[in-house]
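Chemist: Got final.cif for you, mmCIF, C-alpha atoms:
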data_protein
loop_
_atom_site.label_atom_id
_atom_site.label_comp_id
_atom_site.auth_asym_id
_atom_site.auth_seq_id
_atom_site.Cartn_x
_atom_site.Cartn_y
_atom_site.Cartn_z
CA MET A 238 0.47 -9.35 2.09
CA ASN A 239 1.77 -6.06 0.65
CA ARG A 240 -1.68 -4.51 0.87
CA PHE A 241 -2.21 -5.43 4.52
CA GLU A 242 1.32 -4.39 5.48
CA GLY A 243 0.39 -0.99 4.05
CA VAL A 244 -2.44 -0.79 6.61
CA PHE A 245 0.07 -1.25 9.44
CA ALA A 246 2.47 1.24 7.82
CA LYS A 247 -0.18 3.98 8.05
CA LEU A 248 -0.42 3.57 11.82
CA LYS A 249 1.89 6.03 13.58
CA SER A 250 1.95 4.57 17.10
CA ARG A 251 4.03 1.44 17.62
CA TRP A 252 1.72 0.45 20.48
CA VAL A 253 -1.32 0.57 18.22
CA LYS A 254 0.53 -1.61 15.73
CA PHE A 255 1.50 -4.01 18.50
CA VAL A 256 -2.01 -4.31 19.93
CA LEU A 257 -3.60 -4.74 16.49
CA GLY A 258 -1.00 -7.29 15.38
CA ALA A 259 -1.20 -9.24 18.66
CA THR A 260 -5.01 -9.31 18.53
CA VAL A 261 -5.18 -10.55 14.95
CA LEU A 262 -2.45 -13.11 15.52
CA GLY A 263 -3.93 -14.33 18.82
CA VAL A 264 -7.40 -14.85 17.32
CA LEU A 265 -6.01 -16.71 14.31
CA ILE A 266 -3.79 -18.97 16.43
CA PHE A 267 -6.76 -19.75 18.72
CA PHE A 268 -8.82 -21.06 15.81
CA PHE A 269 -5.89 -22.40 13.75
CA PRO A 270 -3.05 -23.66 15.98
CA ALA A 271 -1.16 -24.70 12.84
CA MET A 272 -0.20 -21.03 12.39
CA TYR A 273 1.75 -20.99 15.65
CA GLY A 274 5.50 -20.72 15.09
CA GLU A 275 7.25 -21.26 11.80
CA GLY A 276 4.97 -24.10 10.73
CA TYR A 277 7.69 -26.75 10.50
CA ASP A 278 5.71 -29.09 12.79
CA VAL A 279 2.80 -29.06 10.37
CA ILE A 280 5.15 -29.58 7.43
CA THR A 281 6.61 -32.62 9.17
CA GLN A 282 3.14 -34.00 9.85
CA LEU A 283 2.01 -33.59 6.23
CA LEU A 284 5.19 -35.11 4.81
CA ASN A 285 5.00 -38.06 7.21
CA ASN A 286 1.34 -38.81 6.43
CA ALA A 287 0.14 -38.00 9.94
CA SER A 288 -3.50 -38.68 10.71
CA ALA A 289 -6.12 -35.98 10.34
CA SER A 290 -6.74 -36.12 14.09
CA ASP A 291 -3.11 -35.28 14.82
CA ILE A 292 -3.11 -32.37 12.36
CA MET A 293 -6.38 -30.90 13.68
CA HIS A 294 -5.63 -31.56 17.36
CA ASN A 295 -6.91 -28.83 19.72
CA THR A 296 -9.01 -27.20 17.01
CA LEU A 297 -12.73 -26.73 16.48
CA PHE A 298 -12.47 -29.13 13.53
CA TYR A 299 -11.20 -32.04 15.64
CA GLY A 300 -13.26 -35.22 15.63
CA ASN A 301 -14.22 -35.38 11.97
CA ASP A 302 -11.49 -36.40 9.53
CA ASN A 303 -13.58 -35.12 6.64
CA ASN A 304 -12.91 -31.58 7.84
CA LEU A 305 -9.17 -31.84 7.14
CA LEU A 306 -9.20 -30.17 3.72
CA ILE A 307 -11.54 -27.44 4.97
CA TYR A 308 -9.25 -26.77 7.92
CA LEU A 309 -6.11 -26.67 5.77
CA GLY A 310 -7.88 -24.51 3.19
CA LEU A 311 -8.73 -21.94 5.86
CA VAL A 312 -5.15 -22.09 7.14
CA LEU A 313 -3.96 -21.43 3.61
CA LEU A 314 -6.30 -18.44 3.33
CA PHE A 315 -5.63 -16.83 6.72
CA LYS A 316 -1.88 -17.46 6.93
CA VAL A 317 -1.25 -14.22 5.05
CA PHE A 318 -3.07 -12.29 7.79
CA ALA A 319 -1.01 -14.04 10.47
CA SER A 320 2.28 -13.24 8.72
CA THR A 321 1.22 -9.64 8.14
CA ALA A 322 0.13 -9.21 11.76
CA THR A 323 3.48 -10.58 12.93
CA ASN A 324 5.57 -8.32 10.70
CA GLY A 325 3.33 -5.26 10.97
CA GLY A 326 2.98 -5.57 14.74
CA GLY A 327 6.71 -5.34 15.27
CA GLY A 328 7.67 -9.00 15.18
CA CYS A 329 9.83 -10.91 12.75
CA GLY A 330 7.72 -13.30 10.70
CA GLY A 331 9.97 -13.56 7.70
CA VAL A 332 9.09 -14.85 4.24
CA PHE A 333 11.12 -18.05 3.90
CA ALA A 334 9.33 -20.27 6.45
CA PRO A 335 5.79 -19.07 5.59
CA SER A 336 6.49 -19.79 1.91
CA LEU A 337 7.52 -23.37 2.68
CA PHE A 338 4.55 -23.78 5.00
CA LEU A 339 1.99 -22.48 2.51
CA GLY A 340 3.55 -24.42 -0.36
CA CYS A 341 3.40 -27.65 1.62
CA VAL A 342 -0.24 -27.11 2.61
CA ALA A 343 -1.23 -26.11 -0.95
CA GLY A 344 0.46 -29.18 -2.44
CA PHE A 345 -1.17 -31.47 0.10
CA ILE A 346 -4.63 -30.02 -0.63
CA PHE A 347 -4.08 -30.32 -4.38
CA ALA A 348 -3.10 -34.00 -4.15
CA HIS A 349 -6.16 -34.88 -2.06
CA LEU A 350 -8.54 -32.95 -4.32
CA TRP A 351 -7.03 -34.64 -7.38
CA ASN A 352 -7.28 -38.10 -5.87
CA THR A 353 -10.84 -37.44 -4.69
CA SER A 354 -11.87 -36.39 -8.20
CA LEU A 355 -10.36 -39.60 -9.62
CA SER A 356 -12.20 -41.77 -7.11
CA MET A 357 -15.49 -40.06 -7.98
CA VAL A 358 -15.14 -41.16 -11.62
CA SER A 359 -13.78 -44.60 -10.62
CA VAL A 360 -10.33 -44.06 -12.14
CA GLU A 361 -7.58 -45.99 -10.39
CA GLU A 362 -4.59 -44.71 -12.37
CA GLY A 363 -3.02 -41.29 -11.94
CA VAL A 364 -3.25 -41.18 -8.15
CA LEU A 365 -0.84 -38.59 -6.73
CA SER A 366 1.42 -38.89 -3.72
CA ALA A 367 0.41 -36.29 -1.13
CA LYS A 368 3.99 -36.21 0.16
CA ASN A 369 5.48 -35.53 -3.27
CA CYS A 370 2.88 -32.87 -4.09
CA SER A 371 3.63 -31.18 -0.78
CA LEU A 372 7.29 -30.99 -1.80
CA TYR A 373 6.33 -29.68 -5.25
CA GLY A 374 4.19 -27.01 -3.60
CA MET A 375 7.08 -25.96 -1.36
CA ALA A 376 9.39 -25.62 -4.36
CA GLY A 377 6.78 -23.81 -6.44
CA LEU A 378 5.80 -21.24 -3.83
CA MET A 379 9.39 -20.60 -2.83
CA SER A 380 10.34 -20.04 -6.48
CA GLY A 381 7.44 -17.69 -7.06
CA VAL A 382 7.73 -15.60 -3.92
CA THR A 383 11.50 -15.13 -4.09
CA HIS A 384 11.75 -15.15 -7.90
CA ALA A 385 14.50 -17.73 -7.49
CA PRO A 386 13.59 -21.04 -9.20
CA LEU A 387 17.00 -22.59 -8.62
CA THR A 388 16.64 -21.98 -4.89
CA GLY A 389 13.32 -23.80 -4.84
CA ILE A 390 14.67 -26.71 -6.88
CA PHE A 391 17.86 -27.39 -4.93
CA LEU A 392 16.42 -26.59 -1.51
CA ILE A 393 13.66 -29.19 -1.79
CA ALA A 394 16.01 -31.66 -3.49
CA GLU A 395 18.30 -31.40 -0.48
CA LEU A 396 15.40 -31.83 1.93
CA THR A 397 14.41 -35.10 0.26
CA GLY A 398 17.98 -36.42 0.50
CA GLY A 399 18.10 -37.34 -3.17
CA TYR A 400 17.35 -36.23 -6.70
CA GLY A 401 14.57 -38.62 -7.58
CA LEU A 402 12.10 -35.72 -7.79
CA PHE A 403 14.50 -33.40 -9.58
CA VAL A 404 12.65 -33.27 -12.93
CA PRO A 405 9.17 -32.51 -11.51
CA LEU A 406 10.73 -29.97 -9.12
CA MET A 407 12.32 -28.24 -12.12
CA ILE A 408 9.00 -28.17 -13.99
CA VAL A 409 7.01 -26.80 -11.03
CA SER A 410 9.63 -24.18 -10.11
CA VAL A 411 10.04 -22.89 -13.66
CA VAL A 412 6.27 -22.74 -14.28
CA SER A 413 5.83 -20.92 -10.96
CA TYR A 414 8.54 -18.40 -11.83
CA LEU A 415 7.11 -17.73 -15.30
CA THR A 416 3.60 -17.39 -13.89
CA ILE A 417 4.47 -14.90 -11.15
CA ASN A 418 6.34 -12.71 -13.64
CA VAL A 419 3.08 -12.17 -15.50
CA PHE A 420 1.46 -10.67 -12.39
CA GLU A 421 4.41 -9.31 -10.38
CA PRO A 422 7.84 -8.68 -11.98
CA HIS A 423 9.60 -8.07 -8.64
CA SER A 424 10.20 -10.41 -5.71
CA ILE A 425 8.78 -9.61 -2.28
CA TYR A 426 12.28 -8.81 -1.03
CA ALA A 427 12.87 -6.27 -3.82
CA MET A 428 9.51 -4.61 -3.19
CA ARG A 429 10.20 -4.24 0.53
CA LEU A 430 13.65 -2.78 -0.09
CA ALA A 431 12.22 -0.39 -2.67
CA ARG A 432 9.61 0.87 -0.18
CA LYS A 433 12.37 1.51 2.36
CA GLY A 434 14.53 3.26 -0.26
CA GLU A 435 17.31 0.68 0.09
CA LEU A 436 17.09 -1.13 -3.24
CA ILE A 437 20.38 -1.24 -5.15
CA THR A 438 20.24 -2.28 -8.79
CA HIS A 439 22.69 -2.48 -11.67
CA ASP A 440 21.17 0.72 -13.07
CA LYS A 441 23.16 3.26 -11.06
CA ASP A 442 20.84 6.16 -11.85
CA ASN A 443 17.78 4.31 -10.55
CA ALA A 444 19.76 2.86 -7.64
CA ILE A 445 20.94 6.27 -6.44
CA LEU A 446 17.53 7.86 -6.87
CA THR A 447 16.14 4.98 -4.82
CA LEU A 448 18.71 5.44 -2.08
CA LEU A 449 17.91 9.16 -1.80
CA SER A 450 14.71 10.25 -0.06
CA ILE A 451 12.89 13.47 -0.79
CA ASN A 452 13.29 14.44 2.88
CA SER A 453 17.06 14.46 2.42
CA VAL A 454 16.97 17.17 -0.26
CA ILE A 455 14.01 19.31 0.86
CA GLU A 456 14.85 22.95 1.65
CA LYS A 457 12.67 24.62 4.28
CA ASP A 458 14.25 28.06 4.83
CA PHE A 459 11.65 29.96 2.82
CA LYS A 460 9.54 32.86 4.07
CA LYS A 461 5.86 32.17 3.56
CA VAL A 462 3.47 34.95 2.53
CA THR A 463 -0.30 35.22 2.18
CA PRO A 464 -2.18 36.48 -0.90
CA ASP A 465 -3.80 39.40 0.98
CA MET A 466 -0.43 40.77 2.16
CA ASP A 467 0.21 44.22 0.62
CA LEU A 468 3.40 45.17 -1.19
CA TRP A 469 4.82 47.09 1.80
CA GLN A 470 4.56 44.00 4.02
CA PHE A 471 5.98 41.86 1.27
CA VAL A 472 9.01 44.15 0.86
CA ASN A 473 9.70 43.77 4.60
CA VAL A 474 9.60 39.97 4.17
CA ILE A 475 11.99 40.22 1.22
CA ALA A 476 14.42 42.27 3.32
CA LYS A 477 14.58 39.48 5.93
CA SER A 478 14.96 36.66 3.44
CA HIS A 479 17.99 35.44 1.55
CA ARG A 480 15.82 33.68 -1.04
CA ASN A 481 14.28 35.04 -4.22
CA LEU A 482 11.32 32.67 -4.14
CA PHE A 483 8.34 32.92 -1.79
CA PRO A 484 5.53 30.38 -1.31
CA VAL A 485 2.02 31.82 -1.03
CA VAL A 486 -0.15 29.95 1.47
CA ASP A 487 -3.61 30.32 2.99
CA LYS A 488 -4.39 30.46 6.71
CA ALA A 489 -4.25 26.65 6.95
CA GLY A 490 -0.80 26.57 5.39
CA ARG A 491 -1.94 25.10 2.07
CA LEU A 492 0.06 26.14 -0.96
CA LEU A 493 -1.73 28.55 -3.31
CA GLY A 494 1.12 29.65 -5.56
CA VAL A 495 4.56 31.22 -5.63
CA VAL A 496 5.98 34.73 -6.04
CA THR A 497 9.47 35.40 -7.37
CA LEU A 498 11.61 38.42 -6.62
CA ASP A 499 11.82 39.22 -10.32
CA SER A 500 8.05 39.63 -10.55
CA VAL A 501 8.04 42.54 -8.05
CA ARG A 502 11.47 44.02 -8.73
CA HIS A 503 10.06 46.79 -10.97
CA VAL A 504 7.67 48.07 -8.25
CA MET A 505 9.29 47.18 -4.96
CA PHE A 506 11.03 50.56 -4.64
CA ARG A 507 7.98 52.66 -5.57
CA GLN A 508 6.54 53.54 -2.19
CA GLU A 509 3.40 55.11 -3.64
CA LEU A 510 2.37 51.60 -4.79
CA TYR A 511 3.00 49.84 -1.50
CA HIS A 512 -0.66 49.78 -0.45
CA ARG A 513 -2.11 49.45 -3.94
CA TYR A 514 -0.85 45.98 -4.77
CA THR A 515 -1.06 42.72 -2.85
CA VAL A 516 0.91 39.51 -3.09
CA GLY A 517 -2.00 37.92 -4.91
CA THR A 518 -1.38 40.35 -7.78
CA PHE A 519 2.04 38.84 -8.46
CA MET A 520 1.28 35.24 -7.50
CA LYS A 521 1.71 32.53 -10.13
CA GLU A 522 1.10 28.82 -10.18
CA PRO A 523 4.25 26.73 -9.83
CA PRO A 524 5.22 24.74 -12.92
CA ALA A 525 4.66 21.52 -10.95
CA ILE A 526 3.98 20.42 -7.39
CA LEU A 527 5.55 17.45 -5.64
CA THR A 528 4.18 15.59 -2.64
CA ILE A 529 6.26 14.41 0.28
CA SER A 530 5.54 10.80 -0.72
CA ASP A 531 6.93 11.21 -4.25
CA THR A 532 10.22 9.53 -5.09
CA LEU A 533 13.22 11.42 -6.40
CA LYS A 534 12.73 9.60 -9.66
CA VAL A 535 9.38 11.39 -9.96
CA ALA A 536 11.03 14.68 -8.97
CA THR A 537 13.71 14.25 -11.63
CA ALA A 538 11.05 13.59 -14.26
CA LYS A 539 9.16 16.75 -13.18
CA PHE A 540 12.34 18.83 -13.46
CA ASP A 541 13.01 17.48 -16.95
CA GLU A 542 9.41 18.11 -17.97
CA THR A 543 9.11 21.67 -16.66
CA GLN A 544 12.75 22.83 -16.91
CA ALA A 545 12.19 24.56 -13.57
CA TRP A 546 14.95 25.25 -11.03
CA ASN A 547 12.78 24.91 -7.94
CA LEU A 548 9.63 22.93 -7.26
CA PRO A 549 7.41 23.15 -4.15
CA ILE A 550 6.67 20.13 -1.96
CA VAL A 551 3.39 19.65 -0.10
CA ASP A 552 2.06 16.96 2.23
CA GLU A 553 -1.00 14.79 1.64
CA GLU A 554 -3.28 17.65 2.72
CA GLY A 555 -1.65 20.18 0.40
CA LYS A 556 0.23 22.03 3.14
CA PHE A 557 3.51 23.61 2.10
CA MET A 558 6.59 21.67 3.27
CA GLY A 559 9.44 23.31 1.38
CA PHE A 560 11.17 23.43 -1.99
CA ILE A 561 13.43 21.05 -3.83
CA SER A 562 15.99 22.63 -6.12
CA ARG A 563 17.59 21.18 -9.21
CA SER A 564 21.05 22.09 -7.87
CA GLY A 565 20.34 20.53 -4.46
CA LEU A 566 19.13 17.34 -6.08
CA PHE A 567 22.22 17.21 -8.30
CA ASN A 568 24.58 17.77 -5.35
CA SER A 569 22.98 15.00 -3.33
CA TYR A 570 23.05 12.74 -6.36
CA ARG A 571 26.75 13.46 -6.95
CA GLN A 572 27.70 12.85 -3.30
CA THR A 573 25.77 9.59 -3.21
CA LEU A 574 27.31 8.52 -6.51
CA VAL A 575 30.82 9.09 -5.14
CA ARG A 576 30.02 7.12 -1.99
CA PHE A 577 28.21 4.42 -3.96
CA THR A 578 31.12 4.05 -6.41
CA SER A 579 33.75 3.94 -3.67
CA ASP A 580 31.81 1.24 -1.83
#
Do you think you could lay out the structure here as structure tokens?

Modeler:
Amino acid sequence: MNRFEGVFAKLKSRWVKFVLGATVLGVLIFFFPAMYGEGYDVITQLLNNASASDIMHNTLFYGNDNNLLIYLGLVLLFKVFASTATNGGGGCGGVFAPSLFLGCVAGFIFAHLWNTSLSMVSVEEGVLSAKNCSLYGMAGLMSGVTHAPLTGIFLIAELTGGYGLFVPLMIVSVVSYLTINVFEPHSIYAMRLARKGELITHDKDNAILTLLSINSVIEKDFKKVTPDMDLWQFVNVIAKSHRNLFPVVDKAGRLLGVVTLDSVRHVMFRQELYHRYTVGTFMKEPPAILTISDTLKVATAKFDETQAWNLPIVDEEGKFMGFISRSGLFNSYRQTLVRFTSD
């Protein structure tokens, strides 16, 4: 789901997102009507032991009850695309209802596959209740997705109207939570907030660096120069600038290096050298380069590593965007800390 939401995030036009999301969702709903809405109707059908014909009504699989598990298996597989298309296309698909829906379907499929395997070896004991397994699946998936096992346990216990299934719900929810932590230590909610830069944690340093975006601290009032510019032209640029740092770029605007005022101070007043030297003579590589997609946590680590006072920022194509200064980062950090503490 995260991977396919990233595809929608790369699309700039909201209309392109809408058309793509609507197309994907419309095609999936046409073939799998169970994906329409929140899925509570299907959950009710599975928990109430509805017939296969009722569950597969108005689908291409209707008419053959043996296709039920195939149909539900495909629903289980393609539901992630439907949820992603809804969220990525501009709608509100949520996480809560799809988790319950998928958990219920997964538990139902598991019970039927288990019982089928027992019947194939002529074993009559150990038959599972499809209804109970559907509830276990709901609790397990909810616990894993949200990283909240207690929520899964008590939510499903309340839905059943009693605590007869409390022990198996506890086992499934805890196992689900321990399993998901092996593969993904953060819940889907935490990951989405982190991508938006809105994740607040108990670690104030990380929380503040998460709240701040690199766009909020970038400084763009720098005069750009080219490597073939002679010293006389460079001195004229210096006279119009209030900075002592100058990015060197090519014709396409890509960053090549930087020139500091200190590096030309010893020759900038010697007019006989004005046409002898070019900017490329004094150009140096920056100690580190940041991209516009880097987090401020990465920027802070680069400052600590290089001990630099200013670091250039480029876009994905290497074009110069501006500089980030250690002092500017500290000031933004301090202001956010004051606001964060007062809140």

Chemist: From the set A:Glu456, A:Phe420, A:His503, A:Cys370, which residue has the shortest atom-to-atom contact distance to His349 in chain A, counting all atoms listed in the file?

Modeler: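 Among A:Glu456, A:Phe420, A:His503, A:Cys370, it is A:Cys370 that comes nearest to His349 in chain A.
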
Chemist: Please measure the separation of CA of Val342 in chain A and CA of Leu313 in chain A, giving the value in Å to one decimal.

Modeler: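 For CA of Val342 in chain A relative to CA of Leu313 in chain A, the distance reads 6.9 Å.
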
Chemist: With all atoms listed in the file as the atoms that count, which of A:Gly490, A:Gly555, A:Pro335, A:Gly258 lies nearest to Ile280 in chain A?

Modeler: A:Pro335

Chemist: Going by the chain IDs and residue numbers used in this file, which residues fall under the PyMOL selection byres ((chain A and resi 469) around 10)? Write them as number ranges by chain.

Modeler: A: 466-468, 470-475, 505-516

Chemist: Padding 3 Å on each side, edges along x, y and z: where is the centre of the box around the listed atoms of range 511-514 of chain A, and how long are its edges in Å to one decimal? Output it as lines of an AutoDock Vina configuration file.

Modeler:
center_x = 0.4
center_y = 47.9
center_z = -2.6
size_x = 11.1
size_y = 9.9
size_z = 10.3

Chemist: Please, which residues are within 6 Å of (3.2, 14.7, 3.1) by the file's coordinates, counting all atoms listed in the file, and could they come as a PyMOL selection string?

Modeler: chain A and resi 528-530+551-553

Chemist: Limited to C-alpha atoms, could you put the picked residues into a file as a compact mmCIF listing (two decimals), keeping the file's coordinate frame?

Modeler:
# COMPACT_ATOMS: atom_id res chain seq x y z
CA THR A 528 4.18 15.59 -2.64
CA ILE A 529 6.26 14.41 0.28
CA SER A 530 5.54 10.80 -0.72
CA VAL A 551 3.39 19.65 -0.10
CA ASP A 552 2.06 16.96 2.23
CA GLU A 553 -1.00 14.79 1.64

Chemist: Determine, counting all atoms listed in the file, which protein, DNA and RNA residues have an atom within 8 Å of an atom of Val312 in chain A; residues of the same chain fewer than 4 positions away are not included. Present the result as a list in words.

Modeler: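 Counting all atoms listed in the file, the residues come to Phe269, Ala271, Met272, Tyr308 and Lys316 of chain A.
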
Chemist: Written as a PDB file with C-alpha atoms, keeping the file's coordinate frame, which residues does the PyMOL selection byres ((chain A and resi 496-502) around 6) give for the file shown?

Modeler:
ATOM      1  CA  ASN A 481      14.280  35.040  -4.220  1.00  0.00           C
ATOM      2  CA  LEU A 482      11.320  32.670  -4.140  1.00  0.00           C
ATOM      3  CA  PHE A 483       8.340  32.920  -1.790  1.00  0.00           C
ATOM      4  CA  VAL A 495       4.560  31.220  -5.630  1.00  0.00           C
ATOM      5  CA  HIS A 503      10.060  46.790 -10.970  1.00  0.00           C
ATOM      6  CA  VAL A 504       7.670  48.070  -8.250  1.00  0.00           C
ATOM      7  CA  MET A 505       9.290  47.180  -4.960  1.00  0.00           C
ATOM      8  CA  MET A 520       1.280  35.240  -7.500  1.00  0.00           C
TER       9      MET A 520
END

Chemist: Of the candidates A:Gly326, A:Gly276, A:Gly374, A:Gly401, which one gets nearest to Phe345 in chain A if we count only C-alpha atoms?

Modeler: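 When distances to Phe345 in chain A are compared using only C-alpha atoms, the smallest one comes from A:Gly374.
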